[in-house]
file query-v2.cif (mmCIF, C-alpha atoms)
data_run
loop_
_atom_site.label_atom_id
_atom_site.label_comp_id
_atom_site.auth_asym_id
_atom_site.auth_seq_id
_atom_site.Cartn_x
_atom_site.Cartn_y
_atom_site.Cartn_z
CA MET A 1 12.47 -1.40 43.96
CA LYS A 2 10.93 -0.67 40.57
CA LEU A 3 7.52 -1.42 39.06
CA LEU A 4 7.85 -3.40 35.82
CA VAL A 5 4.65 -3.52 33.75
CA ILE A 6 3.66 -6.07 31.12
CA PRO A 7 1.21 -3.90 29.13
CA THR A 8 -1.43 -4.70 26.51
CA THR A 9 -0.35 -1.75 24.35
CA ILE A 10 2.85 -0.18 23.06
CA ASN A 11 1.53 3.21 24.19
CA ILE A 12 3.45 3.16 27.46
CA LYS A 13 2.76 6.84 28.15
CA LYS A 14 -0.53 5.66 29.66
CA PHE A 15 1.32 4.20 32.63
CA GLU A 16 3.43 7.02 34.04
CA ASN A 17 3.70 5.34 37.46
CA ALA A 18 5.73 2.45 36.04
CA GLU A 19 9.52 2.62 35.79
CA ALA A 20 9.97 -0.32 33.41
CA PHE A 21 8.11 -2.28 30.74
CA LEU A 22 8.31 -5.81 29.38
CA PHE A 23 7.25 -6.90 25.88
CA GLY A 24 7.38 -10.15 24.01
CA LEU A 25 9.51 -10.15 20.85
CA LYS A 26 7.43 -10.84 17.74
CA ASP A 27 7.85 -14.44 16.51
CA PHE A 28 10.01 -15.27 19.53
CA SER A 29 7.54 -14.93 22.40
CA TYR A 30 4.04 -16.22 23.13
CA THR A 31 3.25 -15.60 26.80
CA THR A 32 2.84 -11.80 26.82
CA PRO A 33 -0.38 -9.99 25.82
CA ILE A 34 1.48 -8.08 23.10
CA SER A 35 4.60 -8.69 21.04
CA VAL A 36 6.68 -5.98 19.39
CA THR A 37 9.08 -5.75 16.49
CA LEU A 38 12.63 -4.43 16.54
CA LYS A 39 11.32 -1.28 14.84
CA ASP A 40 8.78 -0.82 17.65
CA LEU A 41 11.56 -1.16 20.23
CA LYS A 42 13.76 1.38 18.46
CA ASN A 43 10.91 3.90 18.38
CA MET A 44 10.13 3.37 22.06
CA LYS A 45 13.74 3.80 23.14
CA GLN A 46 13.90 7.09 21.23
CA LYS A 47 10.75 8.43 22.87
CA THR A 48 11.12 7.38 26.50
CA ASN A 49 13.66 7.16 29.29
CA LYS A 50 11.75 4.28 30.89
CA GLU A 51 13.48 0.91 31.14
CA ILE A 52 12.52 -1.52 28.37
CA PHE A 53 12.90 -5.30 28.65
CA ILE A 54 12.17 -7.89 25.97
CA LYS A 55 11.13 -11.51 26.39
CA ILE A 56 12.31 -14.42 24.23
CA ASP A 57 10.52 -17.52 25.47
CA LYS A 58 10.08 -19.56 22.31
CA ASN A 59 11.57 -23.05 22.19
CA ILE A 60 14.48 -22.61 19.79
CA PHE A 61 14.99 -25.20 17.03
CA ASN A 62 17.92 -25.62 14.66
CA LYS A 63 16.07 -23.72 11.94
CA ASP A 64 15.72 -20.71 14.28
CA ILE A 65 19.38 -20.32 15.24
CA GLU A 66 20.68 -18.11 12.43
CA ASN A 67 17.72 -15.76 12.76
CA LEU A 68 18.15 -15.68 16.53
CA LYS A 69 21.80 -14.65 16.12
CA LYS A 70 20.74 -11.67 14.00
CA ILE A 71 18.00 -10.78 16.47
CA LEU A 72 20.39 -10.83 19.45
CA LEU A 73 22.89 -8.60 17.67
CA GLU A 74 20.18 -6.13 16.69
CA LEU A 75 18.75 -6.10 20.22
CA ASP A 76 22.24 -5.44 21.56
CA SER A 77 22.50 -2.35 19.36
CA LEU A 78 19.21 -0.92 20.71
CA ASN A 79 20.53 -0.47 24.25
CA ILE A 80 17.51 -2.08 25.91
CA ASN A 81 17.71 -2.91 29.61
CA GLY A 82 17.49 -6.68 29.44
CA ILE A 83 16.50 -9.86 27.60
CA LEU A 84 14.38 -12.39 29.48
CA PHE A 85 15.20 -15.86 28.13
CA TYR A 86 13.66 -19.32 28.45
CA ASP A 87 15.60 -21.50 26.04
CA LEU A 88 19.24 -21.91 27.06
CA SER A 89 20.33 -21.46 23.45
CA VAL A 90 19.78 -17.72 24.02
CA LEU A 91 22.38 -17.75 26.80
CA SER A 92 24.80 -19.87 24.76
CA LEU A 93 24.53 -17.71 21.64
CA ALA A 94 24.70 -14.46 23.62
CA LYS A 95 28.01 -15.55 25.13
CA LYS A 96 29.44 -16.58 21.74
CA LEU A 97 28.33 -13.29 20.17
CA GLU A 98 29.61 -11.30 23.20
CA ILE A 99 26.21 -9.67 23.73
CA LYS A 100 26.40 -6.90 26.35
CA THR A 101 22.66 -6.58 27.00
CA PRO A 102 21.83 -8.05 30.46
CA LEU A 103 20.26 -11.52 30.37
CA ILE A 104 17.50 -12.49 32.80
CA TRP A 105 16.78 -16.18 33.48
CA ASN A 106 13.04 -16.67 32.96
CA GLN A 107 12.19 -20.36 33.26
CA ASN A 108 9.28 -19.63 35.57
CA PHE A 109 8.67 -23.02 37.16
CA PHE A 110 12.39 -23.68 37.72
CA VAL A 111 13.50 -20.45 39.42
CA THR A 112 12.88 -21.68 42.95
CA ASN A 113 16.20 -21.62 44.85
CA TYR A 114 19.30 -19.51 45.38
CA ARG A 115 21.84 -22.21 44.47
CA THR A 116 20.65 -22.33 40.87
CA CYS A 117 20.48 -18.54 40.75
CA ASN A 118 24.11 -18.38 41.88
CA HIS A 119 25.03 -20.97 39.22
CA TYR A 120 23.55 -18.81 36.46
CA GLU A 121 25.18 -15.70 37.91
CA GLU A 122 28.53 -17.47 37.56
CA LYS A 123 27.64 -18.01 33.90
CA GLY A 124 27.26 -14.26 33.40
CA VAL A 125 23.48 -13.96 33.77
CA TYR A 126 22.26 -10.67 35.26
CA GLY A 127 19.11 -11.72 37.11
CA ALA A 128 16.09 -14.01 37.31
CA VAL A 129 12.30 -13.92 37.36
CA ILE A 130 11.31 -15.80 40.51
CA SER A 131 8.76 -18.60 40.12
CA SER A 132 5.19 -17.54 40.92
CA GLU A 133 4.69 -20.88 42.68
CA ILE A 134 6.83 -20.35 45.78
CA THR A 135 6.09 -18.54 49.02
CA LEU A 136 7.09 -15.08 50.19
CA GLN A 137 9.47 -16.57 52.76
CA GLU A 138 11.18 -18.67 50.07
CA ILE A 139 11.59 -15.55 47.93
CA ILE A 140 13.18 -13.72 50.86
CA GLU A 141 15.50 -16.69 51.47
CA ILE A 142 16.65 -16.51 47.85
CA ARG A 143 17.27 -12.77 48.22
CA LYS A 144 19.41 -13.31 51.31
CA ASN A 145 21.62 -15.81 49.54
CA THR A 146 22.23 -14.31 46.11
CA SER A 147 23.37 -11.01 44.64
CA PHE A 148 21.31 -11.70 41.49
CA LYS A 149 18.86 -9.02 40.34
CA LEU A 150 15.47 -10.47 41.29
CA PHE A 151 12.14 -9.94 39.50
CA VAL A 152 9.00 -10.98 41.41
CA ASN A 153 5.46 -11.35 40.07
CA ILE A 154 3.17 -9.29 42.28
CA PHE A 155 0.00 -8.65 40.27
CA GLY A 156 -1.99 -10.19 37.40
CA TYR A 157 -3.16 -13.53 36.06
CA GLN A 158 -0.37 -16.11 36.34
CA MET A 159 0.61 -18.79 33.83
CA MET A 160 -0.20 -22.23 35.24
CA ALA A 161 0.83 -24.31 32.23
CA PHE A 162 1.89 -24.07 28.61
CA SER A 163 1.76 -26.64 25.84
CA LYS A 164 2.99 -26.41 22.26
CA ARG A 165 -0.06 -28.49 21.35
CA LYS A 166 -3.15 -26.68 20.07
CA LEU A 167 -5.39 -28.04 22.81
CA ILE A 168 -8.56 -26.10 21.99
CA THR A 169 -8.34 -26.78 18.27
CA ASN A 170 -7.71 -30.48 18.86
CA TYR A 171 -10.56 -30.69 21.38
CA PHE A 172 -13.17 -29.20 19.06
CA LYS A 173 -11.78 -31.17 16.12
CA TYR A 174 -12.41 -34.32 18.14
CA LEU A 175 -15.98 -33.14 18.79
CA LYS A 176 -16.29 -32.34 15.06
CA LYS A 177 -17.26 -28.73 15.76
CA LYS A 178 -16.18 -26.08 13.27
CA ASN A 179 -17.31 -22.84 14.94
CA TYR A 180 -15.42 -22.13 18.16
CA LYS A 181 -13.24 -19.51 19.82
CA ARG A 182 -9.54 -20.07 20.45
CA ASN A 183 -9.85 -18.44 23.88
CA ASN A 184 -12.04 -20.49 26.16
CA TYR A 185 -12.60 -21.37 29.79
CA ILE A 186 -12.02 -24.70 31.43
CA ILE A 187 -14.21 -25.45 34.44
CA GLU A 188 -13.01 -27.52 37.37
CA LYS A 189 -15.62 -27.68 40.12
CA ASP A 190 -15.96 -24.06 41.28
CA LYS A 191 -12.89 -22.75 39.46
CA LYS A 192 -12.71 -21.27 35.97
CA PHE A 193 -9.34 -21.13 34.21
CA LEU A 194 -8.73 -19.19 31.01
CA ILE A 195 -7.17 -21.10 28.12
CA LYS A 196 -5.52 -18.98 25.42
CA GLU A 197 -4.47 -20.63 22.18
CA THR A 198 -2.19 -19.02 19.61
CA LYS A 199 -0.29 -20.41 16.63
CA GLU A 200 2.63 -21.17 18.99
CA GLY A 201 0.63 -23.24 21.48
CA THR A 202 -1.81 -23.10 24.39
CA MET A 203 -1.47 -21.28 27.70
CA ILE A 204 -3.57 -21.86 30.83
CA LEU A 205 -3.85 -18.95 33.27
CA SER A 206 -4.78 -18.89 36.96
CA ASP A 207 -8.44 -18.54 37.90
CA LYS A 208 -7.62 -15.64 40.24
CA ILE A 209 -5.62 -12.44 39.77
CA LEU A 210 -2.46 -12.51 41.86
CA ASN A 211 -2.51 -9.65 44.36
CA GLY A 212 0.63 -9.78 46.46
CA LEU A 213 0.63 -6.06 47.20
CA LYS A 214 0.02 -6.64 50.91
CA TYR A 215 3.59 -7.93 50.93
CA LYS A 216 5.08 -4.96 49.09
CA LYS A 217 6.81 -3.53 52.18
CA GLN A 218 8.37 -6.89 53.02
CA LEU A 219 9.64 -7.31 49.47
CA GLU A 220 11.00 -3.77 49.52
CA LYS A 221 12.72 -4.42 52.84
CA ALA A 222 14.21 -7.61 51.36
CA LYS A 223 15.60 -5.46 48.51
CA ILE A 224 13.79 -7.14 45.63
CA ASP A 225 14.78 -5.27 42.49
CA TYR A 226 11.62 -5.38 40.35
CA LEU A 227 7.93 -6.08 40.98
CA ILE A 228 6.13 -7.40 37.89
CA LEU A 229 2.55 -6.34 37.13
CA ASP A 230 0.81 -8.08 34.22
CA GLN A 231 -2.06 -6.27 32.52
CA THR A 232 -3.37 -9.34 30.66
CA MET A 233 -7.22 -9.23 30.57
CA ILE A 234 -7.36 -6.07 32.72
CA LYS A 235 -8.78 -2.79 31.37
CA ASP A 236 -6.52 0.26 31.03
CA LYS A 237 -8.52 2.40 33.43
CA ASP A 238 -8.46 -0.24 36.16
CA PHE A 239 -4.78 -1.02 35.63
CA LYS A 240 -3.83 2.66 35.89
CA LYS A 241 -5.78 2.88 39.15
CA VAL A 242 -3.89 -0.14 40.46
CA LEU A 243 -0.53 1.48 39.63
CA GLN A 244 -1.60 4.71 41.34
CA ALA A 245 -2.75 2.81 44.42
CA ILE A 246 0.58 0.97 44.61
CA LYS A 247 2.51 4.23 44.46
CA GLU A 248 0.34 5.60 47.28
CA ASN A 249 0.50 2.35 49.29
CA LYS A 250 -3.27 1.98 49.15
CA ASP A 251 -5.49 -1.12 48.99
CA ILE A 252 -6.71 -2.19 45.53
CA ASP A 253 -9.65 -4.37 46.62
CA ASN A 254 -12.10 -1.63 45.66
CA ILE A 255 -10.53 -1.46 42.18
CA ILE A 256 -10.05 -5.10 41.20
CA SER A 257 -12.11 -8.10 42.28
CA ASN A 258 -11.36 -11.81 41.91
CA THR A 259 -7.92 -11.52 43.54
CA ASP A 260 -5.89 -13.87 45.69
CA THR A 261 -2.36 -14.08 47.11
CA LEU A 262 -2.04 -17.49 45.39
CA PHE A 263 1.21 -19.23 46.41
CA LEU A 264 2.82 -16.31 48.23
CA ASP A 265 1.33 -17.51 51.51
CA LYS A 266 0.45 -21.11 50.60
CA LYS A 267 2.92 -23.98 50.67
CA THR A 268 2.99 -26.15 47.56
CA ILE A 269 4.89 -29.15 48.97
CA TYR A 270 3.52 -31.21 51.80
CA LYS A 271 4.78 -34.30 53.58
CA VAL A 272 2.69 -37.34 52.71
CA LYS A 273 0.89 -38.66 55.77
CA LYS A 274 1.68 -42.19 56.92
#

call {"tool": "encode", "arguments": {"input": "query-v2.cif", "output": "structure tokens"}}
result
Amino acid sequence: MKLLVIPTTINIKKFENAEAFLFGLKDFSYTTPISVTLKDLKNMKQKTNKEIFIKIDKNIFNKDIENLKKILLELDSLNINGILFYDLSVLSLAKKLEIKTPLIWNQNFFVTNYRTCNHYEEKGVYGAVISSEITLQEIIEIRKNTSFKLFVNIFGYQMMAFSKRKLITNYFKYLKKKNYKRNNYIIEKDKKFLIKETKEGTMILSDKILNGLKYKKQLEKAKIDYLILDQTMIKDKDFKKVLQAIKENKDIDNIISNTDTLFLDKKTIYKVKK
């Protein structure tokens, strides 16, 4: 089981306890704290033996297709360890172009069962990022029933929703306010969710930092392939301490506050009472 980090910097030497790293691809990703260019990727691959994954999670339109073809071919030549995809056009084009780089299904809210995982495996997909909205037992059930490579979110703020609409801009435009920040909080009773707006759209993150590290041994026993740790909004010094604590199987409560196990031990579907 490997630790896969989503960092806030391309200086990955800072995180020696991680075996793998995930970056968004510039102009083709909007849910990672940092996006990189093909040149950045080439430089990283030349300087490290760590595993490097890239995320393409932009909705692909007709006007994007020719550029995406070029991008996929160039990525394939860089010998990276995998491409995480959201839009199914990536899978379709990769098959037509005979791309050899492993593809990882990354439609977060849909990766919830082993039957669909097995369907994508039959289509030539290498693995999947499990939804962060299902329980530990459901993750283990998926592992028992698929040979897919499985990536599980274990630490960091989690994406709760994404909209291509510019929600903050539209909100303040409605209020006729000109001076505002594109990163703001939304308050719901005693909870405070972070809203991040970019040119591609608006993302809403969880109010708590996911800390599923108490279940690390169970996930390891279940033979999960990668644990994902997202550094978004977390300082370098604290994040490095978290990685060190994980390697040493120590508690991180004295390092990071505002944590919760979120859905790992909470059911999200209940039977409606009569």

call {"tool": "resolve_selection", "arguments": {"input": "query-v2.cif", "expression": "the PyMOL selection byres ((chain A and resi 137) around 12)", "output": "JSON, numbers by chain"}}
result
{"A": [112, 113, 133, 134, 135, 136, 138, 139, 140, 141, 142, 143, 144, 215, 218, 219, 222, 263, 264, 265, 266, 267]}

call {"tool": "closest_residue", "arguments": {"input": "query-v2.cif", "among": "A:Lys237, A:Lys13, A:Lys178, A:Lys196", "to": "Thr48 in chain A", "atoms": "all atoms listed in the file"}}
result
A:Lys13

call {"tool": "resolve_selection", "arguments": {"input": "query-v2.cif", "expression": "the PyMOL selection byres ((chain A and resi 229) around 12)", "output": "number ranges by chain"}}
result
A: 2-8, 15, 17-22, 32, 151-158, 209-213, 226-228, 230-232, 234, 239-240, 242-243, 246

call {"tool": "atom_distance", "arguments": {"input": "query-v2.cif", "atom1": "CA of Ser92 in chain A", "atom2": "CA of Tyr120 in chain A"}}
result
11.8 Å

call {"tool": "resolve_selection", "arguments": {"input": "query-v2.cif", "expression": "the PyMOL selection byres ((chain A and resi 44) around 12)", "output": "PDB file with C-alpha atoms, keeping the file's coordinate frame"}}
result
ATOM      1  CA  THR A   9      -0.350  -1.750  24.350  1.00  0.00           C
ATOM      2  CA  ILE A  10       2.850  -0.180  23.060  1.00  0.00           C
ATOM      3  CA  ASN A  11       1.530   3.210  24.190  1.00  0.00           C
ATOM      4  CA  ILE A  12       3.450   3.160  27.460  1.00  0.00           C
ATOM      5  CA  LYS A  13       2.760   6.840  28.150  1.00  0.00           C
ATOM      6  CA  ALA A  20       9.970  -0.320  33.410  1.00  0.00           C
ATOM      7  CA  PHE A  21       8.110  -2.280  30.740  1.00  0.00           C
ATOM      8  CA  LEU A  22       8.310  -5.810  29.380  1.00  0.00           C
ATOM      9  CA  PHE A  23       7.250  -6.900  25.880  1.00  0.00           C
ATOM     10  CA  VAL A  36       6.680  -5.980  19.390  1.00  0.00           C
ATOM     11  CA  THR A  37       9.080  -5.750  16.490  1.00  0.00           C
ATOM     12  CA  LEU A  38      12.630  -4.430  16.540  1.00  0.00           C
ATOM     13  CA  LYS A  39      11.320  -1.280  14.840  1.00  0.00           C
ATOM     14  CA  ASP A  40       8.780  -0.820  17.650  1.00  0.00           C
ATOM     15  CA  LEU A  41      11.560  -1.160  20.230  1.00  0.00           C
ATOM     16  CA  LYS A  42      13.760   1.380  18.460  1.00  0.00           C
ATOM     17  CA  ASN A  43      10.910   3.900  18.380  1.00  0.00           C
ATOM     18  CA  LYS A  45      13.740   3.800  23.140  1.00  0.00           C
ATOM     19  CA  GLN A  46      13.900   7.090  21.230  1.00  0.00           C
ATOM     20  CA  LYS A  47      10.750   8.430  22.870  1.00  0.00           C
ATOM     21  CA  THR A  48      11.120   7.380  26.500  1.00  0.00           C
ATOM     22  CA  ASN A  49      13.660   7.160  29.290  1.00  0.00           C
ATOM     23  CA  LYS A  50      11.750   4.280  30.890  1.00  0.00           C
ATOM     24  CA  GLU A  51      13.480   0.910  31.140  1.00  0.00           C
ATOM     25  CA  ILE A  52      12.520  -1.520  28.370  1.00  0.00           C
ATOM     26  CA  PHE A  53      12.900  -5.300  28.650  1.00  0.00           C
ATOM     27  CA  LEU A  78      19.210  -0.920  20.710  1.00  0.00           C
ATOM     28  CA  ASN A  79      20.530  -0.470  24.250  1.00  0.00           C
ATOM     29  CA  ILE A  80      17.510  -2.080  25.910  1.00  0.00           C
TER      30      ILE A  80
END

call {"tool": "atom_distance", "arguments": {"input": "query-v2.cif", "atom1": "CA of Asn145 in chain A", "atom2": "CA of Tyr114 in chain A"}}
result
6.0 Å

call {"tool": "atom_distance", "arguments": {"input": "query-v2.cif", "atom1": "CA of Asp27 in chain A", "atom2": "CA of Ile56 in chain A"}}
result
8.9 Å

call {"tool": "residues_near_point", "arguments": {"input": "query-v2.cif", "point": "(5.7, -18.7, 38.2)", "cutoff": "6 Å", "atoms": "only C-alpha atoms", "output": "list in words"}}
result
Asn108, Phe109, Ser131, Ser132 and Glu133 of chain A

call {"tool": "residues_near_point", "arguments": {"input": "query-v2.cif", "point": "(-13.8, -17.9, 33.7)", "cutoff": "12 Å", "atoms": "only C-alpha atoms", "output": "PyMOL selection string"}}
result
chain A and resi 157+183-196+204-209+233+258

call {"tool": "axis_aligned_box", "arguments": {"input": "query-v2.cif", "around": "range 263-267 of chain A", "padding_each_side": "6 Å", "output": "AutoDock Vina command-line options"}}
result
--center_x 1.7 --center_y -20.1 --center_z 49.0 --size_x 14.5 --size_y 19.7 --size_z 17.1

call {"tool": "residues_around", "arguments": {"input": "query-v2.cif", "residues": "Asp87 in chain A", "least_positions_apart": "3", "cutoff": "12 Å", "atoms": "all atoms listed in the file", "output": "mmCIF file with C-alpha atoms, in the frame of the given file"}}
result
data_model
loop_
_atom_site.group_PDB
_atom_site.id
_atom_site.type_symbol
_atom_site.label_atom_id
_atom_site.label_comp_id
_atom_site.auth_asym_id
_atom_site.auth_seq_id
_atom_site.Cartn_x
_atom_site.Cartn_y
_atom_site.Cartn_z
ATOM 1 C CA PHE A 28 10.010 -15.270 19.530
ATOM 2 C CA SER A 29 7.540 -14.930 22.400
ATOM 3 C CA LYS A 55 11.130 -11.510 26.390
ATOM 4 C CA ILE A 56 12.310 -14.420 24.230
ATOM 5 C CA ASP A 57 10.520 -17.520 25.470
ATOM 6 C CA LYS A 58 10.080 -19.560 22.310
ATOM 7 C CA ASN A 59 11.570 -23.050 22.190
ATOM 8 C CA ILE A 60 14.480 -22.610 19.790
ATOM 9 C CA PHE A 61 14.990 -25.200 17.030
ATOM 10 C CA ASP A 64 15.720 -20.710 14.280
ATOM 11 C CA ILE A 65 19.380 -20.320 15.240
ATOM 12 C CA LEU A 68 18.150 -15.680 16.530
ATOM 13 C CA ILE A 83 16.500 -9.860 27.600
ATOM 14 C CA LEU A 84 14.380 -12.390 29.480
ATOM 15 C CA VAL A 90 19.780 -17.720 24.020
ATOM 16 C CA LEU A 91 22.380 -17.750 26.800
ATOM 17 C CA SER A 92 24.800 -19.870 24.760
ATOM 18 C CA LEU A 93 24.530 -17.710 21.640
ATOM 19 C CA ALA A 94 24.700 -14.460 23.620
ATOM 20 C CA LEU A 103 20.260 -11.520 30.370
ATOM 21 C CA ILE A 104 17.500 -12.490 32.800
ATOM 22 C CA TRP A 105 16.780 -16.180 33.480
ATOM 23 C CA ASN A 106 13.040 -16.670 32.960
ATOM 24 C CA GLN A 107 12.190 -20.360 33.260
ATOM 25 C CA ASN A 108 9.280 -19.630 35.570
#
